[in-house]
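Take a look at the structure below.
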Amino acid sequence: MDLELLLPLLLGLAWLVPLGSFAAIVFFGPRMGRAGRGAGYLAIGAIGASAVLSIVALIAWLLAHPLGGDHGSHHAVHAVAGDWYPLAVFGDLKITIGYYIDGLTVAMFAMVSVVALCIHVYSLGYMHEELHEVTDPLVTLSDGQPLKRRGRFHRFFQYLSLFSFSMLGLVIAGNVAMVFVFWELVGICSYLLIGFYIERKSASNAANKAFIVNRVGDFGMIVGMMALWSGLGTFSFDEIFARVRPAANGHALVVPDGMVRAAASERIAAIYRTTPTGPGGAFPGLQNAAEARIAALLPGWRAEGLGYGLLLVAGLGIFCGCVGKSAQFPLHVWLPDAMEGPTPVSALIHAATMVAAGVYLVGRFYPVFTPEALLVIAIVGCVTLLIAATIALTATDIKRVLAYSTVSQLGYMMLALGVGGWVAGLFHLFTHAFFKALLFLGSGSVIHATGTNEMPRMGGLLKKMPWTAGTMLVGCLAISGAGIPLVIGLSGYYSKDGILAQLYSFAGRNPSHAWLFYAAAAGAALTAFYMFRLWFMTFLGLPRDEHVHAHAHESPRVMVVPLVILAVFAVVAGWNVPGTALGLQPLLEQARPLGTAEGASHGHFLPTLAMPAEHLSHAHEIHVPVTLIAFTVGLAGFLLASAMYWWRLLDADLIGRTFWPLYEFLRNKWWFDELYQFLFVRPVLRCAALAAAIDRAVIDGAAHALAAAVRLFSRFDDWIDRLFVDGAVNATANVTYEVGLRLREVQTGQLRQYVLWVAAGTVGLFVLAMFLWTYTLAG
Amino acid sequence: MNPLAEPVHLTHYLVVGAVLFVCGVTCMAAKRNAIGVLMGIELVLNGANLNFVAFGSPYLQSTSPASIGLDGQLMALFVIVLAAAEAAMALAIALCFYNAHATIDVDQADELKR
Amino acid sequence: MGVNFHSVFFHLMAVLASGFALAVVFSNNIVRMAFYLVASLGAVAGLFFLAGADFVAALQLMIYVGGTLVLLIFGVMLTARGPFADLKTSPAQWTVVGLVGGSLLAVLLYAASSASRWTASGKAASAPPDQVAPTSAPLGLALLGARVDKLDPKQNSASSRAGGMSGYLLPFEIVSVHLVVVLIGAAYLARARRRATPRPIAANSPPDDPSQSSSVS
């Protein structure tokens, strides 16, 4: 079957199966199996089916487009794009449910579904306590007792299924509008899952925070979408890329006609005013003549830079959404609080997939970004990287450390994409998904066993939880980029190397922005440090809390097996299948968008900025030094962590006390939450209070006054009614009665009086007759 | 002598009839005795009879269109008969009343007052 | 200067009738009233004779005077006991009655005096003949339906007001039946009843609000 039909079919099915699972669990969840257990199996079945379909699609893709061995191939591999269902047509604008499938899509599908499958299986064990009544020690009722509630096992899998559907929909989306819809959908799923323990105030606050902060980013995204539509007249990826990087131009970035015209609207109006009308009638004639002139002038305007700003705005707007979704500075504050959700949620959504959606969108939208936009992306990523890494140094909650680590790694990905390393950044996305999910699930295993999140209460768990410890060690090594330099390494080694190499190449070309490279290298050192700090504090040393240590036990198989699977991926994701060119990196190379292989340069506002072509970073003179530098910094971080937490050569507390301002600053997360509270939350609350006061005083007051006026009027009306209307009626009745009473007295019963009346009446009649008419005799 | 020598007109009869009538009405209105009232009724009827006969008299305006000839006397005839019947009835009622209430005073018969 | 005996007798009868009628009015004694009435009605019969209605006059004497008034006198005799013989009316009531009666008399006199106006173009009354034409036969025939006094076709035409060969048969029959009914009714009403003592009517209560019901004996 031809690829154009097969891929949409496979991936479309893979996308929709979790939706079916969601619908089924919504309606029948509590009745599935004993206490809803069947819901878990159904969800696993659905995501498993998605995984199988995604892998089949991947195989089909690889068969159809074999991967070249060299990663500098310029095969023009066209994406499979199309529409499934048109939803609405507004003039030129078509809103459809469509797909855009290329190598990146297929790889993302496979990664998301496989990771989600591992996490679904893991959740079957982790959420075990939701199968019966739950006592939540963190929620205290008003009478002092902890909350007792029914278990919500099926609901968890319902949300997981919905999330799977949303994430896959986002990946397969063929137009920006559909991306936005699924963007919001994953946001909703995140909200629902973070706030899974709805009775906890901290959880519901965290859910609100996540959604609202995302919304701030979405505002920018909508601005970008508006710029895109006004300039390009379409949302479909296919058409956007065709217009922004036309094939005729060698797929180089070109400001599209629509944006140039939008920027030159005054000049166009002047032309319309001054052009004499040509043949063909009044307006069509004018239009033809004017359009001909405009078409001739258009290239000149483009060279002047008209419309460039609009293109820049479009790119930055879309990036704003990614800032919110991927928790970049300054919208990073929601991700650490999102750890209130159950650990599988943190693994799936806030490590592997949803936060990666921002990076994915940057990767997908790459052809539209101008060099200036790319630089902004890089700087934002770098800043985020540093901030998050420094905060992770002092965090004590095991999930917080991993959360900040996630933010930091996302910063890495953005940085890589910003300096032109498309493959490097997205490769890091994939590897990060594996090892971060692994780390989160491992930490979940620890939390499940010890009942606490706090690392100062752990310690010495290595013997009690060997499998967990082992797999988490693999994860830590992967994230630190461990490996034998220039020979072989874990997945993180390759991805981090790629990023640093591209940065080095970029720094070489743009010495003014060399600090990006140094910052990234420092970040690598910090990463290694805090990850091994985490591992040492949790698993090595003497137990710091006897009670916790006594309770600890290895997790059941249903939780350990996914850990192992993810550990395997974390190790091999960077390797090609031995003997072939099949591998993740070559696949991404092949999926690179047309026209971006040669890097970016000649931005209108920053003409000297140049993002080097990525294949240059593989050159020896860049690759070797970078590898060595990466290895060194990673080793430095590891050694420092070992010195402080393993060999106990340095006292962590002493260092903390010595540098106590810095320590406090980092421990309080750079006081971002307090800053935002002061700058944004409190003014909004004040406005709300003001609005409420106006509502009560003015609007309610007006309503009450109106009601009082009506009441007053109704009293007056009542008075009138009683006085006049009732009075009239009563008076009439009384008069009638009185008259009747008086008339009654005529009947005296006296016969003689009756006779008199008769006689008098007769006389009267007679008199009347005599006066009123004359009697004449006829004839 | 002169008033007595003139022939009698219709008017004279009518005057007498009027006097009788008014006397009858006065009796009816003024007498407290029920039999007195009946007498008044008789007087009224006789006054009317006199009118009828006067108009039907052949001597008074016999050829005028106002004359009613024999009809007048026939009317008077009927009136007499009806008067007799009515007198009988009225007397019966009066005797009933007298037997029931031991009085013949019509002023006492005011139970139909308001 | 001839004396019109007709008018002399007329005036005599008229005075008698009026005078006795007035006496009826002003008398207080019921028995005397009865006698005065008899005399008045007798005078009226005389007036009938003078007007040429001999049959009617005879009937008046027979039926009215001889029958009806006798009946009345019986009634008088049955009820005129003790206090009931003289029932006086108060002067106040006499005033009112006098007023009403006077006004009625004025009206009637006015009408009577205007008779000459509306009996226009009429010849003066002819002198009464020496012989009176008997009227009983024409009356009797008229009662049976044959109007022998109006045989003139001109007079008989339906258009003339006094015309029409219509007799009085129907009224005759009706009156006959009427008399039978009255006979029966009067006999029934005046039948003897068993009663221990006749109860007098309760004393007249002063006029007051209608909520107080009057008692019925």
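For the structure tokens, the naming scheme is as follows: chains receive sequential letters (A, B, ...) according to their order of presentation, residues are indexed from 1 within each chain, and ligands are indexed from 1 in presentation order.
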
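Distance criterion 7 Å to chain C, applied with only C-alpha atoms, yields Leu756, Ala759, Ala760 and Val763 of chain A on chain A.
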
May I have the residues from that selection written out with C-alpha atoms, as a tab-separated table (two decimals), in the first residue's frame?
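Full text of selection.tsv as output:
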chain	number	residue	atom	x	y	z
A	756	LEU	CA	-103.18	57.48	47.50
A	759	ALA	CA	-104.33	58.37	42.64
A	760	ALA	CA	-101.43	60.73	42.79
A	763	VAL	CA	-102.96	62.72	38.38

Considering only C-alpha atoms, extract the chain B residues located within 7 Å of chain A and return them as a list in words.
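Filtering chain B at 7 Å from chain A with only C-alpha atoms gives Met28, Ala29, Ala30, Val106, Asp107, Ala109, Asp110, Glu111, Leu112, Lys113 and Arg114 of chain B.
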
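Residues with any atom within 6 Å of range 7-20 of chain B, counting only C-alpha atoms and excluding same-chain neighbours fewer than 2 positions away, are Val22, Cys23, Leu43, Gly47, Leu50, Asn51 and Leu60 of chain B; Ser7, Leu108, Ala112 and Ser113 of chain C.
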
Output file for the selection above: C-alpha atoms, as a compact mmCIF listing (two decimals), in the first residue's frame:
# COMPACT_ATOMS: atom_id res chain seq x y z
CA VAL B 22 -113.28 61.33 43.28
CA CYS B 23 -115.55 60.56 46.19
CA LEU B 43 -118.52 54.64 43.95
CA GLY B 47 -118.65 57.10 38.27
CA LEU B 50 -121.90 57.15 34.32
CA ASN B 51 -119.19 58.20 31.92
CA LEU B 60 -125.83 63.71 23.86
CA SER C 7 -132.54 69.13 32.91
CA LEU C 108 -111.09 65.40 35.85
CA ALA C 112 -114.78 67.13 31.46
CA SER C 113 -115.01 70.78 30.65

Of C:Ala57, C:Met77, C:Leu169, C:Ala14, the one nearest to chain B when counting only C-alpha atoms is C:Ala14

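Interatomic distance, CA of Met13 in chain C to CA of Asn29 in chain C: 24.2 Å.
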
Test item, alpha helix (DSSP H) assignment across range 283-420 of chain A, answer as a PyMOL selection string:
chain A and resi 283-304+308-325+334-337+343-347+354-364+371-394+398-418

Could you list, as a PyMOL selection string, every residue within 9 Å of Ala92 in chain B, counting only C-alpha atoms and ignoring same-chain residues fewer than 3 positions away?
(chain B and resi 87-89+95-97) or (chain C and resi 75+185-191)

Distance query Thr275 in chain A at most 8 Å, only C-alpha atoms, self and fewer than 2 positions along chain excluded, as a list in words:
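What passes the distance filter is Ile271, Tyr272, Arg273, Thr277, Leu286, Ala289 and Ala290 of chain A.
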
If we count only C-alpha atoms, what is near range 300-304 of chain A at a cut-off of 10 Å, once residues fewer than 2 positions away on the same chain are taken out, given as a ChimeraX atom specification?
/A:254-257,259-261,263-264,267,294-298,306-308,604

With N, CA and C atoms retained, export the selected residues as a PDB file, in the first residue's frame.
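And here is the file that came out, selection_21.pdb:
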ATOM      1  N   VAL A 254      12.230  33.204   3.081  1.00  0.00           N
ATOM      2  CA  VAL A 254      11.810  34.358   2.313  1.00  0.00           C
ATOM      3  C   VAL A 254      10.573  34.937   2.980  1.00  0.00           C
ATOM      4  N   VAL A 255      10.560  36.247   3.109  1.00  0.00           N
ATOM      5  CA  VAL A 255       9.346  36.837   3.692  1.00  0.00           C
ATOM      6  C   VAL A 255       8.211  36.658   2.690  1.00  0.00           C
ATOM      7  N   PRO A 256       7.142  36.030   3.084  1.00  0.00           N
ATOM      8  CA  PRO A 256       6.094  35.746   2.100  1.00  0.00           C
ATOM      9  C   PRO A 256       5.393  37.019   1.644  1.00  0.00           C
ATOM     10  N   ASP A 257       4.784  36.901   0.459  1.00  0.00           N
ATOM     11  CA  ASP A 257       4.146  38.061  -0.157  1.00  0.00           C
ATOM     12  C   ASP A 257       3.138  38.710   0.769  1.00  0.00           C
ATOM     13  N   MET A 259       2.962  38.945   3.930  1.00  0.00           N
ATOM     14  CA  MET A 259       3.506  39.770   5.016  1.00  0.00           C
ATOM     15  C   MET A 259       4.108  41.048   4.465  1.00  0.00           C
ATOM     16  N   VAL A 260       4.710  40.958   3.299  1.00  0.00           N
ATOM     17  CA  VAL A 260       5.290  42.171   2.701  1.00  0.00           C
ATOM     18  C   VAL A 260       4.173  43.160   2.409  1.00  0.00           C
ATOM     19  N   ARG A 261       3.116  42.632   1.860  1.00  0.00           N
ATOM     20  CA  ARG A 261       2.000  43.511   1.527  1.00  0.00           C
ATOM     21  C   ARG A 261       1.385  44.117   2.780  1.00  0.00           C
ATOM     22  N   ALA A 263       2.890  44.830   5.496  1.00  0.00           N
ATOM     23  CA  ALA A 263       3.757  45.900   6.006  1.00  0.00           C
ATOM     24  C   ALA A 263       3.722  47.111   5.109  1.00  0.00           C
ATOM     25  N   ALA A 264       3.477  46.886   3.817  1.00  0.00           N
ATOM     26  CA  ALA A 264       3.517  47.997   2.862  1.00  0.00           C
ATOM     27  C   ALA A 264       2.137  48.492   2.530  1.00  0.00           C
ATOM     28  N   ARG A 267       1.754  51.990   1.084  1.00  0.00           N
ATOM     29  CA  ARG A 267       2.241  52.174  -0.292  1.00  0.00           C
ATOM     30  C   ARG A 267       1.272  51.556  -1.271  1.00  0.00           C
ATOM     31  N   ILE A 294       2.252  46.517  -8.344  1.00  0.00           N
ATOM     32  CA  ILE A 294       2.681  46.032  -7.024  1.00  0.00           C
ATOM     33  C   ILE A 294       3.585  44.823  -7.175  1.00  0.00           C
ATOM     34  N   ALA A 295       3.207  43.933  -8.085  1.00  0.00           N
ATOM     35  CA  ALA A 295       4.026  42.731  -8.270  1.00  0.00           C
ATOM     36  C   ALA A 295       5.437  43.093  -8.701  1.00  0.00           C
ATOM     37  N   ALA A 296       5.532  44.153  -9.497  1.00  0.00           N
ATOM     38  CA  ALA A 296       6.870  44.564  -9.917  1.00  0.00           C
ATOM     39  C   ALA A 296       7.651  45.162  -8.755  1.00  0.00           C
ATOM     40  N   LEU A 297       6.948  45.831  -7.852  1.00  0.00           N
ATOM     41  CA  LEU A 297       7.641  46.512  -6.760  1.00  0.00           C
ATOM     42  C   LEU A 297       7.936  45.599  -5.584  1.00  0.00           C
ATOM     43  N   LEU A 298       7.248  44.464  -5.534  1.00  0.00           N
ATOM     44  CA  LEU A 298       7.313  43.614  -4.348  1.00  0.00           C
ATOM     45  C   LEU A 298       8.731  43.178  -3.972  1.00  0.00           C
ATOM     46  N   LEU A 306      10.527  45.130   4.375  1.00  0.00           N
ATOM     47  CA  LEU A 306       9.127  45.247   4.750  1.00  0.00           C
ATOM     48  C   LEU A 306       8.554  43.863   4.990  1.00  0.00           C
ATOM     49  N   GLY A 307       7.816  43.728   6.068  1.00  0.00           N
ATOM     50  CA  GLY A 307       7.199  42.438   6.350  1.00  0.00           C
ATOM     51  C   GLY A 307       8.096  41.527   7.161  1.00  0.00           C
ATOM     52  N   TYR A 308       9.330  41.881   7.291  1.00  0.00           N
ATOM     53  CA  TYR A 308      10.236  41.016   8.079  1.00  0.00           C
ATOM     54  C   TYR A 308       9.812  40.990   9.545  1.00  0.00           C
ATOM     55  N   HIS A 604      17.507  40.342   8.966  1.00  0.00           N
ATOM     56  CA  HIS A 604      17.374  41.742   8.589  1.00  0.00           C
ATOM     57  C   HIS A 604      17.853  42.671   9.687  1.00  0.00           C
TER      58      HIS A 604
END

Do you have the CA of Val213 in chain A-CA of Phe237 in chain A distance handy?
26.6 Å

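Using only C-alpha atoms, the residues found no farther than 12 Å from Pro134 in chain C, other than those of its own chain fewer than 2 positions away, are B:Pro58, B:Leu70, C:Phe49, C:Gly52, C:Ala53, C:Asp54, C:Phe55, C:Val56, C:Ala57, C:Ala58, C:Gln131, C:Val132, C:Ser136, C:Ala137, C:Pro138, C:Leu139, C:Gly140.
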
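Distances from C:Leu170, C:Leu141, C:Leu179, C:Leu16 to chain B were compared using only C-alpha atoms, and the smallest one belongs to C:Leu179.
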
Choose the residue, out of A:Arg533, A:His547, A:His120, A:Lys209, that has the smallest atom-to-atom separation from Thr394 in chain A; count only C-alpha atoms.
A:Arg533

Using only C-alpha atoms: which of C:Val25, C:Val65, C:Val181, C:Ala45 has the shortest distance to chain B
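When distances to chain B are compared using only C-alpha atoms, the smallest one comes from C:Val25.
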
Report the distance between CA of Asp102 in chain A and CA of Thr580 in chain A in Å, rounded to one decimal place.
21.0 Å
